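**Q** One file: my_file34.cif (mmCIF, C-alpha atoms and all ligand atoms).
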data_run
#
loop_
_atom_site.label_atom_id
_atom_site.label_comp_id
_atom_site.auth_asym_id
_atom_site.auth_seq_id
_atom_site.Cartn_x
_atom_site.Cartn_y
_atom_site.Cartn_z
CA MET A 318 -10.56 12.94 18.67
CA LYS A 319 -6.83 12.24 19.11
CA GLN A 320 -4.63 15.12 17.98
CA THR A 321 -2.72 12.92 15.51
CA THR A 322 -5.96 11.57 13.97
CA HIS A 323 -7.14 15.15 13.59
CA GLN A 324 -3.82 15.99 11.93
CA PHE A 325 -4.05 12.95 9.62
CA LEU A 326 -7.58 13.91 8.51
CA GLU A 327 -6.41 17.48 7.94
CA ASP A 328 -3.36 16.29 5.95
CA THR A 329 -5.48 14.08 3.67
CA GLY A 330 -8.84 15.84 3.57
CA ALA A 331 -10.54 12.53 4.45
CA THR A 332 -13.33 12.27 7.05
CA VAL A 333 -12.62 8.63 8.00
CA PRO A 334 -9.02 7.84 9.06
CA VAL A 335 -8.44 5.17 6.43
CA ILE A 336 -6.11 5.14 3.41
CA CYS A 337 -6.70 2.72 0.55
CA GLY A 338 -3.01 1.82 0.07
CA PRO A 339 -1.29 1.72 -3.31
CA MET A 340 -1.59 -1.75 -4.86
CA TYR A 341 -0.10 -3.59 -7.82
CA PRO A 342 -2.52 -4.99 -8.85
CA GLY A 343 -5.65 -3.38 -7.44
CA SER A 344 -5.17 0.39 -7.62
CA ASN A 345 -7.40 1.19 -10.58
CA PRO A 346 -8.64 4.81 -10.71
CA GLU A 347 -12.29 3.81 -10.13
CA LEU A 348 -11.40 2.25 -6.77
CA ILE A 349 -9.34 5.23 -5.67
CA ALA A 350 -12.15 7.62 -6.57
CA ALA A 351 -14.79 5.48 -4.81
CA VAL A 352 -12.78 5.31 -1.57
CA SER A 353 -12.12 9.06 -1.49
CA ASP A 354 -15.69 9.86 -2.48
CA ALA A 355 -16.97 7.87 0.53
CA GLY A 356 -14.75 9.80 2.96
CA GLY A 357 -11.64 7.57 3.03
CA PHE A 358 -8.45 8.41 1.15
CA GLY A 359 -7.41 6.67 -2.08
CA VAL A 360 -3.76 6.59 -3.15
CA VAL A 361 -2.64 6.07 -6.77
CA GLN A 362 0.02 3.44 -7.57
CA PRO A 363 1.45 4.98 -10.78
CA VAL A 364 2.78 1.75 -12.35
CA SER A 365 -0.52 0.00 -11.68
CA MET A 366 -2.47 2.86 -13.22
CA THR A 367 -0.34 3.11 -16.36
CA ALA A 368 1.26 -0.27 -17.13
CA LEU A 369 -1.51 -2.48 -15.74
CA TYR A 370 -4.73 -0.55 -16.26
CA GLY A 371 -3.55 1.23 -19.40
CA HIS A 372 -4.17 4.88 -18.47
CA ASP A 373 -1.91 7.72 -19.46
CA PHE A 374 -0.83 9.05 -16.02
CA ARG A 375 -2.39 12.52 -16.39
CA GLU A 376 -5.59 11.14 -17.90
CA GLY A 377 -5.82 8.63 -15.03
CA LEU A 378 -5.61 11.47 -12.48
CA GLN A 379 -8.19 13.43 -14.47
CA LEU A 380 -10.50 10.40 -14.52
CA ILE A 381 -10.35 10.21 -10.70
CA LYS A 382 -11.13 13.95 -10.54
CA LYS A 383 -14.10 13.42 -12.85
CA LEU A 384 -15.43 10.65 -10.58
CA THR A 385 -15.01 12.55 -7.31
CA ASP A 386 -14.30 16.06 -6.12
CA LYS A 387 -12.65 14.66 -2.98
CA PRO A 388 -8.85 14.62 -2.55
CA PHE A 389 -6.60 11.63 -3.23
CA GLY A 390 -2.86 10.92 -3.06
CA VAL A 391 -0.07 9.49 -5.21
CA ASN A 392 2.58 6.93 -4.21
CA PHE A 393 6.23 7.27 -5.28
CA THR A 394 8.57 4.34 -4.81
CA ILE A 395 12.19 5.47 -4.67
CA PHE A 396 14.18 2.48 -5.97
CA GLY A 397 17.62 3.54 -4.57
CA GLY A 398 19.28 4.48 -7.87
CA ALA A 399 18.64 1.11 -9.56
CA ASN A 400 17.19 2.53 -12.72
CA GLN A 401 17.74 6.05 -14.11
CA LYS A 402 14.84 5.70 -16.54
CA TYR A 403 12.44 4.93 -13.69
CA HIS A 404 13.69 7.99 -11.74
CA GLU A 405 13.07 10.26 -14.70
CA GLN A 406 9.63 8.73 -15.10
CA MET A 407 8.90 9.26 -11.39
CA GLN A 408 9.96 12.93 -11.62
CA LYS A 409 7.61 13.42 -14.56
CA TRP A 410 4.75 11.77 -12.64
CA MET A 411 5.49 14.08 -9.73
CA GLU A 412 5.35 17.19 -11.92
CA ILE A 413 2.04 16.04 -13.39
CA SER A 414 0.65 15.29 -9.92
CA ILE A 415 1.51 18.83 -8.80
CA GLU A 416 -0.04 20.32 -11.95
CA GLU A 417 -3.20 18.26 -11.36
CA GLY A 418 -3.50 19.59 -7.80
CA VAL A 419 -2.57 16.47 -5.78
CA LYS A 420 -1.87 17.47 -2.17
CA PHE A 421 -0.58 14.21 -0.67
CA PHE A 422 2.43 12.05 -1.57
CA LEU A 423 3.10 8.66 -0.06
CA THR A 424 6.74 7.66 -0.48
CA SER A 425 8.35 4.28 -0.03
CA LEU A 426 11.91 2.89 0.00
CA GLY A 427 14.94 5.21 -0.33
CA LYS A 428 15.32 8.71 1.09
CA PRO A 429 12.60 11.18 0.05
CA THR A 430 14.77 14.30 0.71
CA GLU A 431 14.16 15.89 -2.70
CA ILE A 432 10.50 14.87 -2.77
CA VAL A 433 9.84 16.40 0.67
CA LYS A 434 11.47 19.66 -0.45
CA ILE A 435 9.46 19.92 -3.66
CA ALA A 436 6.27 18.76 -1.95
CA HIS A 437 6.48 21.29 0.86
CA GLN A 438 7.22 24.10 -1.63
CA ASN A 439 3.90 23.16 -3.25
CA GLY A 440 1.84 22.75 -0.06
CA ILE A 441 1.84 18.94 -0.37
CA LYS A 442 2.02 16.58 2.63
CA VAL A 443 4.41 13.59 2.55
CA TYR A 444 3.94 10.35 4.48
CA HIS A 445 6.65 7.67 4.23
CA ASP A 446 6.51 3.86 4.58
CA VAL A 447 8.86 2.62 7.31
CA PRO A 448 9.92 -0.87 8.43
CA ASN A 449 11.21 0.04 11.92
CA LYS A 450 11.98 2.71 14.52
CA LYS A 451 15.40 3.64 13.12
CA VAL A 452 13.97 4.53 9.71
CA ALA A 453 10.92 6.21 11.31
CA LEU A 454 13.11 8.59 13.34
CA ALA A 455 15.36 9.31 10.35
CA MET A 456 12.28 10.14 8.25
CA ARG A 457 10.82 12.36 10.98
CA ASP A 458 14.15 14.24 11.11
CA LEU A 459 14.10 14.54 7.33
CA GLY A 460 10.78 16.39 7.59
CA VAL A 461 8.05 13.95 6.52
CA ASP A 462 4.58 14.77 7.84
CA GLY A 463 3.52 11.24 8.80
CA ILE A 464 4.81 7.70 9.12
CA ASN A 465 3.26 4.54 7.65
CA CYS A 466 4.28 1.66 9.90
CA ILE A 467 4.42 -1.42 7.64
CA ASN A 468 3.78 -4.42 9.91
CA TRP A 469 3.97 -8.17 9.36
CA ARG A 470 0.23 -8.70 9.00
CA GLY A 471 -0.06 -6.69 5.79
CA GLY A 472 -0.66 -7.79 2.21
CA GLY A 473 1.92 -7.19 -0.54
CA GLN A 474 5.54 -6.88 0.56
CA THR A 475 5.08 -7.35 4.25
CA GLY A 476 6.90 -5.81 7.21
CA THR A 477 9.08 -7.57 9.75
CA GLN A 478 7.58 -6.43 13.05
CA SER A 479 4.22 -6.18 14.79
CA ALA A 480 1.87 -3.20 15.00
CA GLU A 481 2.29 -3.37 18.80
CA LYS A 482 6.09 -3.07 18.59
CA PHE A 483 5.88 0.05 16.40
CA ILE A 484 3.64 1.76 18.95
CA GLU A 485 5.78 0.68 21.87
CA GLU A 486 8.85 2.20 20.23
CA LEU A 487 7.31 5.27 18.62
CA HIS A 488 4.43 6.27 20.91
CA ASP A 489 6.00 9.63 21.77
CA ILE A 490 6.68 10.68 18.17
CA GLU A 491 4.67 13.83 17.50
CA ILE A 492 3.60 13.20 13.88
CA PRO A 493 0.76 10.82 12.82
CA LEU A 494 1.55 7.08 12.84
CA ILE A 495 -0.49 5.04 10.38
CA CYS A 496 -0.92 1.29 10.89
CA ALA A 497 -0.35 -0.54 7.58
CA GLY A 498 -1.29 -4.19 7.84
CA GLY A 499 -4.02 -6.45 9.16
CA VAL A 500 -7.06 -4.15 9.34
CA GLY A 501 -9.96 -6.12 7.84
CA ASN A 502 -13.01 -4.65 9.59
CA ALA A 503 -14.21 -1.91 11.95
CA ASP A 504 -13.17 -3.87 15.08
CA ASP A 505 -9.62 -4.11 13.75
CA LEU A 506 -9.62 -0.37 13.06
CA GLN A 507 -10.93 0.38 16.58
CA LYS A 508 -8.19 -1.79 18.04
CA ILE A 509 -5.32 -0.01 16.30
CA LEU A 510 -6.79 3.46 17.02
CA ASP A 511 -7.04 2.50 20.69
CA MET A 512 -3.40 1.37 20.56
CA GLY A 513 -2.42 4.92 19.59
CA TYR A 514 -2.34 4.98 15.79
CA ALA A 515 -3.81 8.00 14.01
CA GLY A 516 -5.37 5.82 11.30
CA ALA A 517 -4.89 2.79 9.07
CA GLN A 518 -3.59 2.04 5.60
CA ILE A 519 -5.64 -0.81 4.16
CA GLY A 520 -5.13 -2.91 1.05
CA THR A 521 -6.64 -6.40 1.23
CA ARG A 522 -10.13 -5.25 2.36
CA PHE A 523 -10.37 -2.92 -0.64
CA LEU A 524 -9.41 -5.66 -3.12
CA ALA A 525 -12.70 -7.44 -2.32
CA THR A 526 -14.86 -4.56 -3.57
CA HIS A 527 -16.98 -4.14 -6.69
CA GLU A 528 -14.88 -1.22 -7.92
CA CYS A 529 -11.53 -2.99 -7.66
CA LYS A 530 -10.35 -4.45 -10.96
CA VAL A 531 -8.89 -7.78 -9.92
CA SER A 532 -10.45 -11.06 -11.01
CA ASN A 533 -13.61 -12.32 -9.30
CA ALA A 534 -11.75 -15.48 -8.27
CA TYR A 535 -9.18 -13.29 -6.43
CA LYS A 536 -11.93 -11.36 -4.59
CA GLN A 537 -13.71 -14.59 -3.62
CA ALA A 538 -10.44 -16.13 -2.41
CA ILE A 539 -10.01 -13.19 -0.02
CA VAL A 540 -13.55 -13.71 1.31
CA ASP A 541 -12.97 -17.47 1.71
CA ALA A 542 -9.47 -17.26 3.26
CA GLU A 543 -8.64 -17.40 6.95
CA GLU A 544 -5.53 -15.99 8.59
CA LYS A 545 -3.91 -19.46 8.56
CA ASP A 546 -4.15 -19.52 4.73
CA ILE A 547 -1.67 -16.64 4.39
CA VAL A 548 1.91 -17.66 3.57
CA TRP A 549 5.10 -15.69 3.00
CA THR A 550 7.30 -16.15 -0.02
CA ASN A 551 10.51 -14.33 -0.96
CA LYS A 552 10.23 -15.52 -4.55
CA ILE A 553 8.35 -12.46 -5.81
CA ALA A 554 10.48 -9.58 -4.54
CA GLY A 555 13.43 -10.95 -2.57
CA ASN A 556 11.87 -10.08 0.78
CA ASN A 557 8.63 -11.55 2.11
CA SER A 558 5.41 -11.08 0.18
CA SER A 559 2.19 -12.11 1.85
CA MET A 560 0.06 -14.41 -0.32
CA ILE A 561 -2.93 -16.72 -0.16
CA ARG A 562 -1.82 -20.36 -0.13
CA THR A 563 -2.74 -21.83 -3.55
CA ASP A 564 -1.33 -24.64 -5.70
CA ASP A 565 0.27 -22.01 -7.96
CA ILE A 566 2.15 -20.37 -5.10
CA MET A 567 3.18 -23.63 -3.41
CA LYS A 568 4.50 -25.12 -6.65
CA GLY A 569 8.31 -25.26 -6.35
CA GLY A 570 8.28 -24.08 -2.71
CA LEU A 571 8.05 -20.69 -1.03
CA ARG A 572 11.77 -19.83 -0.84
CA THR A 573 14.33 -18.95 -3.53
CA GLY A 574 16.89 -21.54 -4.66
CA PRO A 575 20.56 -21.49 -3.56
CA ILE A 576 21.91 -19.12 -6.26
CA ILE A 577 19.33 -16.36 -5.75
CA THR A 578 19.51 -16.84 -1.97
CA TYR A 579 23.30 -16.33 -2.17
CA MET A 580 22.84 -13.21 -4.29
CA LEU A 581 20.23 -11.79 -1.89
CA LYS A 582 22.74 -12.06 0.97
CA HIS A 583 25.41 -10.01 -0.82
CA ASP A 584 24.95 -6.26 -1.11
CA LYS A 585 26.51 -5.95 -4.59
CA LEU A 586 24.37 -8.77 -6.07
CA LYS A 587 21.14 -8.19 -4.16
CA LYS A 588 19.83 -5.54 -6.52
CA TYR A 589 20.16 -7.88 -9.54
CA ALA A 590 18.52 -10.78 -7.72
CA ARG A 591 15.58 -8.56 -6.77
CA MET A 592 15.25 -7.14 -10.29
CA TYR A 593 15.20 -10.68 -11.69
CA LEU A 594 12.62 -11.89 -9.16
CA MET A 595 10.41 -8.83 -9.56
CA SER A 596 10.35 -8.99 -13.36
CA LYS A 597 9.09 -12.57 -13.10
CA GLY A 598 6.78 -11.76 -10.17
CA LEU A 599 5.14 -8.79 -11.91
CA LYS A 600 4.28 -10.96 -14.91
CA LYS A 601 2.48 -13.36 -12.58
CA TYR A 602 0.62 -10.49 -10.90
CA ASN A 603 -0.37 -9.09 -14.31
CA LYS A 604 -1.98 -12.40 -15.23
CA ALA A 605 -3.56 -12.89 -11.79
CA ALA A 606 -5.19 -9.45 -12.03
CA PHE A 607 -7.38 -10.43 -14.96
CA ASP A 608 -7.42 -14.22 -15.26
CA ASP A 609 -9.50 -16.28 -12.79
CA SER A 610 -7.31 -19.33 -13.32
CA VAL A 611 -3.99 -17.68 -12.29
CA LYS A 612 -3.75 -17.88 -8.52
CA TYR A 613 -0.97 -15.50 -7.46
CA TRP A 614 -2.99 -13.61 -4.90
CA GLN A 615 -1.38 -11.17 -2.46
CA ALA A 616 -3.36 -10.66 0.74
CA GLY A 617 -2.71 -9.83 4.38
CA LYS A 618 -3.59 -11.62 7.61
CA GLY A 619 -6.69 -9.45 8.03
CA VAL A 620 -8.50 -11.79 5.57
CA GLY A 621 -10.22 -13.64 8.43
CA ASN A 622 -12.37 -10.57 9.10
CA ILE A 623 -13.33 -9.99 5.45
CA ASN A 624 -16.54 -11.88 4.77
CA SER A 625 -18.13 -10.43 1.65
CA ILE A 626 -17.49 -8.48 -1.52
CA LEU A 627 -18.90 -4.99 -0.95
CA SER A 628 -18.88 -1.61 -2.63
CA ALA A 629 -15.92 0.56 -1.60
CA ALA A 630 -18.43 3.03 -0.10
CA ASP A 631 -19.92 0.30 2.12
CA VAL A 632 -16.44 -0.62 3.34
CA VAL A 633 -15.64 3.00 4.21
CA HIS A 634 -19.07 3.58 5.79
CA ALA A 635 -18.56 0.55 8.08
CA PHE A 636 -15.35 2.21 9.32
CA LYS A 637 -17.40 5.30 10.23
CA ASN A 638 -18.87 3.32 13.17
CA VAL A 639 -15.49 3.44 14.87
CA LYS A 640 -14.83 5.93 17.66
CA PHE A 641 -11.93 8.13 16.58
C1 LIG A 701 -2.36 -6.81 -3.81
C2 LIG A 701 -1.52 -5.84 -3.06
C3 LIG A 701 -0.60 -5.08 -3.77
C4 LIG A 701 0.18 -4.12 -3.12
N1 LIG A 701 1.05 -3.37 -3.85
C5 LIG A 701 1.73 -2.36 -3.25
C6 LIG A 701 2.55 -1.50 -4.03
O1 LIG A 701 2.67 -1.64 -5.24
N2 LIG A 701 3.21 -0.49 -3.37
C7 LIG A 701 3.09 -0.31 -2.01
O2 LIG A 701 3.69 0.62 -1.47
N3 LIG A 701 2.31 -1.12 -1.26
C8 LIG A 701 1.62 -2.13 -1.84
N4 LIG A 701 0.80 -2.92 -1.09
C9 LIG A 701 0.63 -2.64 0.35
C10 LIG A 701 -0.65 -1.79 0.61
O3 LIG A 701 -0.51 -0.49 0.10
C11 LIG A 701 -0.97 -1.71 2.13
O4 LIG A 701 0.07 -1.09 2.84
C12 LIG A 701 -1.22 -3.08 2.72
O5 LIG A 701 -2.07 -3.81 1.87
C13 LIG A 701 -1.88 -2.96 4.10
O6 LIG A 701 -2.12 -4.23 4.62
P1 LIG A 701 -3.49 -5.06 4.43
O7 LIG A 701 -3.40 -5.71 3.12
O8 LIG A 701 -3.43 -6.05 5.55
O9 LIG A 701 -4.64 -4.13 4.55
C14 LIG A 701 0.04 -3.93 -1.71
C15 LIG A 701 -0.89 -4.71 -1.00
C16 LIG A 701 -1.66 -5.66 -1.66
C17 LIG A 701 -2.66 -6.46 -0.88
#
With the file now loaded, output its structure as structure tokens.
**A**
Amino acid sequence: MKQTTHQFLEDTGATVPVICGPMYPGSNPELIAAVSDAGGFGVVQPVSMTALYGHDFREGLQLIKKLTDKPFGVNFTIFGGANQKYHEQMQKWMEISIEEGVKFFLTSLGKPTEIVKIAHQNGIKVYHDVPNKKVALAMRDLGVDGINCINWRGGGQTGTQSAEKFIEELHDIEIPLICAGGVGNADDLQKILDMGYAGAQIGTRFLATHECKVSNAYKQAIVDAEEKDIVWTNKIAGNNSSMIRTDDIMKGGLRTGPIITYMLKHDKLKKYARMYLMSKGLKKYNKAAFDDSVKYWQAGKGVGNINSILSAADVVHAFKNVKF
């Protein structure tokens, strides 16, 4: 086994080098527990768990612990100072996670300086989502334990570069590199491990599972879709989100109109444009999570290798066939 894969498995407590990435929608506690229980590693998306699936944060963590005795992680998105209330909420969630014995934090956006300090004081590992080499090296210097390389094949808010480019630029970094984007089956996982990644962060494949609480129409759309059916739109979050092409998503075009586009190009206005887009986008995701007729379906380019709705355990077990 590669040293970095060994390190990744040690950091997470998983036996298969696969994270079920945080998802809004999609990260319900039952899915997270099922992935961890099967030997993968589930990560909580706190807003999904509370606002979407209606759990009190601590009770949600306790539910996962009731369903499995295996470890799981929690994701913290650091929205660069946009909203003081959110930051206070995130701090509270972090305190509760520590009290409930969580040993892995996955951070995204912003600088996790404070989080790394608190985490390491409590024996918690921190992996951070990065879009490119510059941020990866800055995060390594800041002391994170692993790097999630968000590539342009992933579902949700997608990256801007390929999995190959990340490896080319970061192959000599000494901490685990996780490939986030485009892993739909065991062959895909084998390919990225052979490229040099320590493991994969996977979202889309886990949406099409029995335990995931998105609508059946959404799951079936993932099974039916091919890579060519995935489109990018900046209308949900300001940067590209990866979605299945449907009438709902194509209505009105995939790009923002002139005013929002102008705002997105100017640093002082960007934050407001993104807040506006995201508040509208989240409402659409909320509906799409539960209503078969609302077709706002995020998914990555790995869809072509996802051919059936399975249990989360079957998905993880299939990844066990990979040589790592
Ligand atoms: C429906 C959906 C929602 C997502 N929501 C989030 C999120 O709220 N926060 C986050 O950090 N990543 C989010 N992601 C990204 C995943 O955690 C993961 O990195 C990505 O799905 C990996 O690519 P894949 O979909 O090709 O497997 C989301 C992905 C999907 C498919």
**Q** How would you report the residues lying within 8 Å of ligand LIG 701 (chain A), as an MDAnalysis selection string, if you count all atoms listed in the file?
**A** chainID A and resid 337:343 362 364:365 392 394 424:425 446 467:468 470:475 497:501 518:524 559 614:620
**Q** Quote the spacing between atom CA of A:Ala590 and atom CA of A:Ile566 in Å to one decimal place.
**A** 19.2 Å
**Q** Of the residues A:Gly570, A:Gly359, A:Ile349, A:Thr332, which is the one nearest to A:Glu528, using all atoms listed in the file?
**A**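 Counting all atoms listed in the file, the residue closest to A:Glu528 is A:Ile349.
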**Q** Find the residue from A:Asn551, A:Ser353, A:Ser414, A:Asn622 that sits nearest to A:Gly574; use all atoms listed in the file when measuring.
**A** A:Asn551
**Q** Which residue is closest to A:Asp511? Choose from A:Ala453, A:Ala331, A:Ile381, A:Val639 and count only C-alpha atoms.
**A**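 Result for the nearest residue to A:Asp511: A:Val639.
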**Q** Enter the distance from atom CA of A:Lys600 to atom CA of A:Ala542, in Å, rounded to one decimal.
**A**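 The value is 23.6 Å.
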**Q** Return as JSON the centre and edge lengths, in Å with one decimal, of the box along x, y and z that encloses every atom of stretch 333-347 of chain A in the file, padded by 5 Å per side.
**A**
{"center_x": -6.4, "center_y": 1.8, "center_z": -0.8, "size_x": 22.5, "size_y": 23.6, "size_z": 29.8}
